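Q: Structure file model-v5.cif, mmCIF, C-alpha atoms, is pasted below:
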```
data_upload
#
loop_
_atom_site.label_atom_id
_atom_site.label_comp_id
_atom_site.auth_asym_id
_atom_site.auth_seq_id
_atom_site.Cartn_x
_atom_site.Cartn_y
_atom_site.Cartn_z
CA MET A 1 -26.95 -8.09 26.14
CA ILE A 2 -25.39 -7.68 29.61
CA LYS A 3 -27.45 -6.78 32.63
CA LEU A 4 -26.31 -6.41 36.23
CA GLU A 5 -29.24 -6.21 38.61
CA ASN A 6 -28.98 -5.02 42.25
CA ILE A 7 -25.36 -6.13 42.62
CA SER A 8 -23.74 -5.85 46.05
CA LYS A 9 -20.13 -6.71 46.85
CA THR A 10 -18.14 -6.19 50.04
CA TYR A 11 -14.59 -7.41 50.56
CA ASN A 12 -13.33 -8.72 53.92
CA VAL A 13 -16.79 -9.00 55.44
CA GLY A 14 -16.83 -9.11 59.23
CA THR A 15 -13.37 -7.60 59.65
CA ASN A 16 -12.02 -4.14 60.38
CA TYR A 17 -10.92 -4.02 56.74
CA ALA A 18 -14.38 -4.49 55.23
CA THR A 19 -14.74 -2.50 52.01
CA ASN A 20 -18.09 -2.01 50.35
CA VAL A 21 -17.56 -1.68 46.59
CA PHE A 22 -21.10 -2.04 45.24
CA GLN A 23 -24.48 -1.62 46.89
CA ASN A 24 -27.56 -2.32 44.73
CA PHE A 25 -25.57 -1.53 41.58
CA ASN A 26 -27.39 -1.71 38.25
CA LEU A 27 -26.01 -1.57 34.71
CA GLU A 28 -27.27 -2.60 31.29
CA ILE A 29 -25.06 -2.84 28.20
CA LYS A 30 -26.78 -3.25 24.85
CA GLU A 31 -25.55 -5.49 22.06
CA LYS A 32 -22.71 -4.02 19.93
CA GLU A 33 -22.07 -1.16 22.36
CA PHE A 34 -18.43 -0.16 22.85
CA VAL A 35 -18.30 1.26 26.35
CA SER A 36 -15.34 3.22 27.72
CA ILE A 37 -15.19 3.20 31.53
CA ILE A 38 -13.12 5.71 33.50
CA GLY A 39 -12.82 6.65 37.15
CA PRO A 40 -10.29 6.90 39.98
CA ASN A 41 -8.53 3.89 41.48
CA GLY A 42 -10.76 2.00 43.86
CA CYS A 43 -14.04 3.11 42.28
CA GLY A 44 -15.00 -0.44 41.29
CA LYS A 45 -13.93 -0.68 37.64
CA SER A 46 -11.84 -3.84 37.94
CA THR A 47 -14.30 -5.39 40.39
CA LEU A 48 -17.02 -4.81 37.79
CA PHE A 49 -15.00 -6.66 35.16
CA ASN A 50 -14.22 -9.52 37.55
CA ILE A 51 -17.90 -9.83 38.42
CA ILE A 52 -18.85 -10.07 34.73
CA SER A 53 -16.03 -12.56 34.08
CA GLY A 54 -17.01 -14.66 37.11
CA ASN A 55 -13.62 -14.27 38.79
CA ILE A 56 -15.24 -13.06 42.02
CA GLU A 57 -18.57 -13.94 43.58
CA ILE A 58 -21.14 -11.30 44.38
CA ASP A 59 -22.89 -11.06 47.74
CA CYS A 60 -26.30 -10.63 46.14
CA GLY A 61 -27.88 -9.63 42.86
CA LYS A 62 -28.19 -11.15 39.39
CA ILE A 63 -26.05 -11.17 36.24
CA PHE A 64 -27.69 -11.76 32.87
CA LEU A 65 -26.22 -12.36 29.42
CA LYS A 66 -28.71 -12.35 26.55
CA ASP A 67 -31.51 -12.71 29.13
CA LYS A 68 -29.87 -15.85 30.56
CA ASP A 69 -29.04 -15.81 34.27
CA ILE A 70 -25.30 -16.54 34.53
CA THR A 71 -24.90 -15.50 38.17
CA LYS A 72 -23.85 -19.00 39.26
CA VAL A 73 -21.96 -19.93 36.08
CA LYS A 74 -18.27 -20.61 36.78
CA ASN A 75 -15.64 -18.33 35.23
CA TYR A 76 -14.11 -20.99 32.98
CA LYS A 77 -17.53 -21.61 31.43
CA ARG A 78 -18.12 -17.88 30.91
CA TYR A 79 -14.92 -17.66 28.89
CA LYS A 80 -16.70 -19.53 26.15
CA TYR A 81 -18.38 -16.24 25.27
CA ILE A 82 -16.07 -13.70 26.92
CA GLY A 83 -12.68 -12.55 25.63
CA ARG A 84 -10.44 -10.53 27.94
CA VAL A 85 -7.25 -8.56 27.34
CA HIS A 86 -5.30 -7.49 30.42
CA GLN A 87 -2.85 -4.67 31.04
CA ASN A 88 -0.04 -7.23 31.18
CA PRO A 89 0.00 -9.28 27.93
CA SER A 90 1.69 -12.19 29.75
CA ILE A 91 -1.69 -12.91 31.39
CA GLY A 92 -3.34 -13.49 28.02
CA THR A 93 -0.46 -15.26 26.28
CA CYS A 94 2.09 -17.99 27.02
CA LEU A 95 5.40 -16.15 26.77
CA ASN A 96 7.60 -19.24 26.46
CA MET A 97 5.57 -20.57 23.54
CA THR A 98 5.77 -19.47 19.90
CA ILE A 99 3.22 -17.24 18.18
CA LEU A 100 1.96 -20.31 16.30
CA GLU A 101 1.54 -22.31 19.52
CA ASN A 102 -0.30 -19.42 21.17
CA LEU A 103 -2.71 -19.05 18.26
CA ALA A 104 -3.34 -22.80 18.19
CA LEU A 105 -4.03 -22.71 21.92
CA ALA A 106 -6.60 -19.93 21.45
CA ASP A 107 -8.05 -21.72 18.43
CA ASN A 108 -8.77 -24.77 20.61
CA LYS A 109 -10.50 -22.69 23.29
CA MET A 110 -13.35 -24.67 24.94
CA LYS A 111 -12.71 -27.67 22.66
CA LYS A 112 -12.16 -31.15 24.02
CA TYR A 113 -8.55 -32.26 24.07
CA ASP A 114 -7.48 -35.71 22.95
CA LEU A 115 -4.33 -37.29 21.52
CA THR A 116 -4.41 -35.37 18.25
CA TRP A 117 -1.85 -32.62 17.56
CA GLY A 118 -2.54 -29.28 19.17
CA ILE A 119 -1.49 -27.47 15.99
CA ASP A 120 -3.59 -28.09 12.91
CA LYS A 121 -1.19 -27.53 10.02
CA LYS A 122 -4.14 -26.84 7.74
CA ARG A 123 -4.82 -23.71 9.80
CA ILE A 124 -1.32 -22.22 9.52
CA ASN A 125 -2.09 -20.18 6.41
CA GLU A 126 -5.22 -18.83 8.10
CA TYR A 127 -3.14 -17.85 11.13
CA LYS A 128 -0.76 -16.00 8.82
CA GLU A 129 -3.65 -14.08 7.30
CA MET A 130 -4.91 -13.14 10.77
CA LEU A 131 -1.46 -11.90 11.71
CA LYS A 132 -1.11 -10.08 8.42
CA SER A 133 -4.23 -8.06 9.25
CA LEU A 134 -2.37 -6.65 12.28
CA LYS A 135 0.13 -5.01 9.91
CA LEU A 136 3.02 -5.64 12.30
CA GLY A 137 4.92 -8.17 10.19
CA LEU A 138 4.21 -10.96 12.67
CA GLU A 139 3.06 -13.32 9.94
CA ASN A 140 6.77 -13.87 9.20
CA HIS A 141 7.58 -14.84 12.79
CA LEU A 142 5.25 -17.74 13.54
CA TYR A 143 8.03 -19.68 15.25
CA THR A 144 9.26 -16.80 17.41
CA LYS A 145 8.54 -17.08 21.13
CA VAL A 146 6.14 -14.42 22.36
CA GLN A 147 8.59 -13.41 25.10
CA ASN A 148 10.93 -12.16 22.37
CA LEU A 149 8.36 -9.74 20.96
CA SER A 150 7.94 -6.10 21.96
CA GLY A 151 5.23 -5.18 24.45
CA GLY A 152 3.01 -3.85 21.68
CA GLN A 153 3.45 -6.99 19.58
CA GLN A 154 2.62 -9.13 22.60
CA GLN A 155 -0.52 -7.13 23.26
CA ALA A 156 -1.54 -7.42 19.60
CA ILE A 157 -1.20 -11.21 19.87
CA ALA A 158 -3.24 -11.19 23.10
CA LEU A 159 -5.96 -9.14 21.38
CA LEU A 160 -6.01 -11.48 18.39
CA MET A 161 -6.19 -14.54 20.66
CA ALA A 162 -9.09 -13.06 22.62
CA THR A 163 -11.13 -12.43 19.46
CA MET A 164 -10.15 -15.14 16.98
CA ASN A 165 -13.14 -17.28 18.02
CA PRO A 166 -16.71 -15.86 18.10
CA ILE A 167 -17.43 -14.18 21.45
CA ASP A 168 -20.28 -12.11 22.84
CA ILE A 169 -18.25 -9.76 25.04
CA LEU A 170 -14.75 -8.32 24.81
CA ILE A 171 -13.32 -6.98 28.07
CA LEU A 172 -10.33 -4.64 27.79
CA ASP A 173 -8.74 -4.09 31.19
CA GLU A 174 -6.42 -1.08 30.72
CA HIS A 175 -4.89 -2.94 27.80
CA THR A 176 -2.79 0.03 26.61
CA ALA A 177 -1.62 1.28 30.03
CA ALA A 178 1.77 -0.46 29.93
CA LEU A 179 2.62 0.68 26.40
CA ASP A 180 4.46 3.77 25.17
CA PRO A 181 2.19 6.42 23.57
CA GLY A 182 2.98 5.49 19.97
CA THR A 183 2.45 1.77 20.51
CA ALA A 184 -0.72 2.47 22.52
CA GLU A 185 -2.14 4.35 19.52
CA ILE A 186 -1.43 1.36 17.27
CA ILE A 187 -3.15 -1.04 19.66
CA MET A 188 -6.15 1.25 20.08
CA LYS A 189 -6.62 1.57 16.30
CA LEU A 190 -6.28 -2.19 15.99
CA THR A 191 -8.81 -2.66 18.79
CA ASP A 192 -11.28 -0.32 17.11
CA LYS A 193 -10.86 -2.13 13.80
CA ILE A 194 -11.50 -5.58 15.32
CA VAL A 195 -14.47 -4.40 17.38
CA LYS A 196 -16.14 -2.74 14.38
CA GLU A 197 -15.46 -5.59 11.96
CA GLN A 198 -16.65 -8.30 14.34
CA LYS A 199 -19.36 -6.12 15.92
CA ILE A 200 -18.40 -7.24 19.42
CA THR A 201 -20.01 -5.81 22.53
CA THR A 202 -16.99 -4.24 24.25
CA LEU A 203 -16.17 -2.82 27.67
CA MET A 204 -12.89 -0.93 28.10
CA ILE A 205 -11.30 0.44 31.26
CA THR A 206 -8.88 3.23 30.50
CA HIS A 207 -7.16 6.08 32.31
CA ASN A 208 -6.52 7.80 28.98
CA LEU A 209 -9.33 10.36 28.77
CA LYS A 210 -8.74 11.00 25.08
CA TYR A 211 -9.24 7.30 24.31
CA ALA A 212 -12.40 7.34 26.43
CA ILE A 213 -13.77 10.20 24.31
CA ASN A 214 -12.50 9.15 20.88
CA TYR A 215 -13.28 5.42 20.97
CA GLY A 216 -16.56 3.64 21.45
CA ASN A 217 -20.15 4.87 21.46
CA ARG A 218 -20.79 5.07 25.21
CA LEU A 219 -18.87 6.61 28.11
CA LEU A 220 -19.27 5.75 31.79
CA VAL A 221 -17.61 7.61 34.66
CA MET A 222 -17.54 5.71 37.95
CA LYS A 223 -17.04 6.97 41.49
CA GLN A 224 -17.25 5.00 44.74
CA GLY A 225 -19.10 2.10 43.15
CA LYS A 226 -21.61 4.27 41.31
CA ILE A 227 -22.03 5.55 37.77
CA VAL A 228 -21.92 9.34 37.96
CA LEU A 229 -21.89 10.03 34.21
CA ASP A 230 -23.39 8.00 31.35
CA ARG A 231 -23.23 9.40 27.82
CA LYS A 232 -24.03 7.83 24.46
CA GLY A 233 -23.91 8.73 20.79
CA LYS A 234 -23.67 12.43 19.96
CA GLU A 235 -23.68 13.43 23.63
CA LYS A 236 -20.58 11.30 24.15
CA ARG A 237 -18.90 12.60 21.00
CA ASP A 238 -19.47 16.16 22.21
CA THR A 239 -17.85 15.48 25.59
CA LYS A 240 -14.81 17.70 26.12
CA TYR A 241 -11.48 16.57 27.53
CA GLU A 242 -11.48 19.54 29.92
CA GLU A 243 -14.84 18.47 31.32
CA LEU A 244 -13.54 15.02 32.20
CA ILE A 245 -10.42 16.53 33.74
CA GLU A 246 -12.64 18.71 35.91
CA LYS A 247 -14.66 15.66 37.00
CA PHE A 248 -11.48 13.80 37.90
CA ASN A 249 -10.27 16.74 39.95
CA CYS A 250 -13.57 16.63 41.82
CA PHE A 251 -12.83 13.03 42.77
#
```
Let me see whether you can do it: turn the structure in this file into structure tokens.

A:
Amino acid sequence: MIKLENISKTYNVGTNYATNVFQNFNLEIKEKEFVSIIGPNGCGKSTLFNIISGNIEIDCGKIFLKDKDITKVKNYKRYKYIGRVHQNPSIGTCLNMTILENLALADNKMKKYDLTWGIDKKRINEYKEMLKSLKLGLENHLYTKVQNLSGGQQQAIALLMATMNPIDILILDEHTAALDPGTAEIIMKLTDKIVKEQKITTLMITHNLKYAINYGNRLLVMKQGKIVLDRKGKEKRDTKYEELIEKFNCF
């Protein structure tokens, strides 16, 4: 599904502030895998996501999606098949627009715009059903501006917008980090439900070690631009919280 081959990336090349993040980095993610990625700040997690999304250029190497070389494909074209949810829901939503307007905007993703209405009234009932599946009562607040919702509700809308059209990859960039523990649990359960129902290949950065263990079917631990632990299936399920704590202390 996703393959990164001999990736190298250095920031601020030729200066005293040059930082080498990746050197001949390799990673392969299979279709329908839900991969939790943990590691200390600065280990390359966010850079990895930005490389996959096309938000930063690599110095050398190749990026493949479904055996197609997308190394030179611009980020806006990659978002045809990539959905991304950020830590801050305002990045994935338009706060001064209503829920309905946000959903219509996501619904028209990658479509050509003309002089027709942005909101297809025939789709409103479908939007309500989508919102109803979140079980947050948002189906009754279509005309409420997103900025007036709670942080958890905003993140639920961002998650729905990222996945309402067919995508190949879902990227979750610490998407529960800014939420209180109770709301974070709701969003994680909602995430798991959507990923399983839609069978989306998913990559999730998290600093919550329990989420890393309990969600997904593969666990990666990164350190200094390298993968130092890679567990799948039963081996991942058997991973102990204390073991990961010990690894983090070693960092």

Q: Got a sec: who's within 9 Å of Ile194 of chain A, counting all atoms listed in the file, leaving out chain neighbours fewer than 4 positions off, as a list in words?

A: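 Contacts, with the query itself left out: Leu159, Leu160, Thr163, Lys189, Leu190, Gln198, Lys199 and Ile200 of chain A.
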
Q: Using all atoms listed in the file, find the one residue out of A:Glu174, A:Asp180, A:Asn88, A:Asp192 that sits nearest to Leu134 of chain A.

A: A:Asp192

Q: Might you spell out which residues the PyMOL selection byres ((chain A and resi 36) around 7) would select in the displayed file, as a list in words?

A: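 Applied to this file, the PyMOL selection byres ((chain A and resi 36) around 7) returns Phe34, Val35, Ile37, Ile38, Leu203, Met204, Ile205, Ala212, Gly216, Arg218, Leu219 and Leu220 of chain A.
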
Q: For a test of reading the model, state the distance in Å between atom CA of Gln23 of chain A and atom CA of His207 of chain A, rounded to one decimal.

A: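 About the pair atom CA of Gln23 of chain A and atom CA of His207 of chain A: they are 23.9 Å apart.
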
Q: Just so the selection is clear, what residues does the PyMOL selection byres ((chain A and resi 24) around 6) cover here, as JSON, numbers by chain?

A: {"A": [6, 7, 8, 23, 25]}

Q: Residues at most 8 Å from Asp107 of chain A, counting only C-alpha atoms, excluding those fewer than 3 positions away in the same chain, as a VMD selection string?

A: chain A and resid 103 to 104 161 164 to 165

Q: Limited to C-alpha atoms, could you put the picked residues into a file as a PDB file, in the coordinates of the input?

A:
```pdb
ATOM      1  CA  LEU A 103      -2.710 -19.050  18.260  1.00  0.00           C
ATOM      2  CA  ALA A 104      -3.340 -22.800  18.190  1.00  0.00           C
ATOM      3  CA  MET A 161      -6.190 -14.540  20.660  1.00  0.00           C
ATOM      4  CA  MET A 164     -10.150 -15.140  16.980  1.00  0.00           C
ATOM      5  CA  ASN A 165     -13.140 -17.280  18.020  1.00  0.00           C
TER       6      ASN A 165
END
```

Q: Work out how far atom CA of Gly225 of chain A is from atom CA of Thr191 of chain A, in Å to one decimal.

A: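 Answer for the atom CA of Thr191 of chain A to atom CA of Gly225 of chain A separation: 26.9 Å.
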
Q: So which residues touch segment 144-152 of chain A within 7 Å, counting all atoms listed in the file, skipping near sequence neighbours fewer than 6 positions away, as a ChimeraX atom specification?

A: /A:95-99,179,183

Q: Just so the selection is clear, what residues does the PyMOL selection byres ((chain A and resi 241) around 12) cover here, as JSON, numbers by chain?

A: {"A": [208, 209, 210, 211, 212, 213, 214, 236, 237, 238, 239, 240, 242, 243, 244, 245, 246, 247, 248]}

Q: Tell me which of A:Gly182, A:Pro166, A:Gly233, A:Gly14 sits closest to Glu33 of chain A, counting all atoms listed in the file.

A: A:Gly233

Q: Can you measure atom CA of Ala158 of chain A to atom CA of Gly92 of chain A for me? One decimal in Å is fine.

A: 5.4 Å

Q: Closest to Asp230 of chain A among A:Asn217, A:Ile119, A:Ala18, A:Glu129, using only C-alpha atoms?

A: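 Of the candidates, the smallest distance to Asp230 of chain A is held by A:Asn217.
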
Q: Using all atoms listed in the file, which of A:Cys94, A:Met130, A:Met188, A:Cys43 sits nearest Gln224 of chain A?

A: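 Answer, going by the shortest atom-to-atom distance: A:Cys43.
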
Q: Excluding His86 of chain A and any residue of its chain fewer than 3 positions from it, enumerate the residues within 8 Å of it, using only C-alpha atoms, and give them as a VMD selection string.

A: chain A and resid 89 91 to 92 172 to 175

Q: Pick out the closest residue to Phe22 of chain A from this set: A:Lys122, A:Lys193, A:His141, A:Lys9. Count only C-alpha atoms.

A: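 For Phe22 of chain A, the nearest of the candidates is A:Lys9.
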
Q: May I have a table of the residues of segment 130-245 of chain A lying at most 6 Å from segment 82-85 of chain A, giving each one's closest pair of atoms and their distance in Å to one decimal, counting all atoms listed in the file, ordered by chain and ascending residue number, as CSV?

A:
```
residue,atom,partner,partner_atom,distance
A:Ala162,CA,A:Gly83,CA,4.7
A:Ile167,CA,A:Ile82,CA,5.7
A:Ile169,CA,A:Ile82,CA,4.9
A:Leu170,CA,A:Gly83,CA,4.8
A:Ile171,CA,A:Arg84,CA,4.6
A:Leu172,CA,A:Val85,CA,5.0
```

Q: Neighbourhood query: residues within 9 Å of (-30.8, -8.1, 25.4), file coordinates, counting only C-alpha atoms; return as a PyMOL selection string.

A: chain A and resi 1-3+28-31+64-67

Q: Could the residues in this selection be saved with C-alpha atoms as a tab-separated table (two decimals), in the frame of the given file?

A:
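Listed below is the output, out_37.tsv:
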```tsv
chain	number	residue	atom	x	y	z
A	1	MET	CA	-26.95	-8.09	26.14
A	2	ILE	CA	-25.39	-7.68	29.61
A	3	LYS	CA	-27.45	-6.78	32.63
A	28	GLU	CA	-27.27	-2.60	31.29
A	29	ILE	CA	-25.06	-2.84	28.20
A	30	LYS	CA	-26.78	-3.25	24.85
A	31	GLU	CA	-25.55	-5.49	22.06
A	64	PHE	CA	-27.69	-11.76	32.87
A	65	LEU	CA	-26.22	-12.36	29.42
A	66	LYS	CA	-28.71	-12.35	26.55
A	67	ASP	CA	-31.51	-12.71	29.13
```

Q: Which residue out of A:Arg123, A:Lys32, A:Lys196, A:Lys62 has the minimum interatomic distance to Leu100 of chain A when all atoms listed in the file are used?

A: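 Distance minimum relative to Leu100 of chain A lands on A:Arg123.
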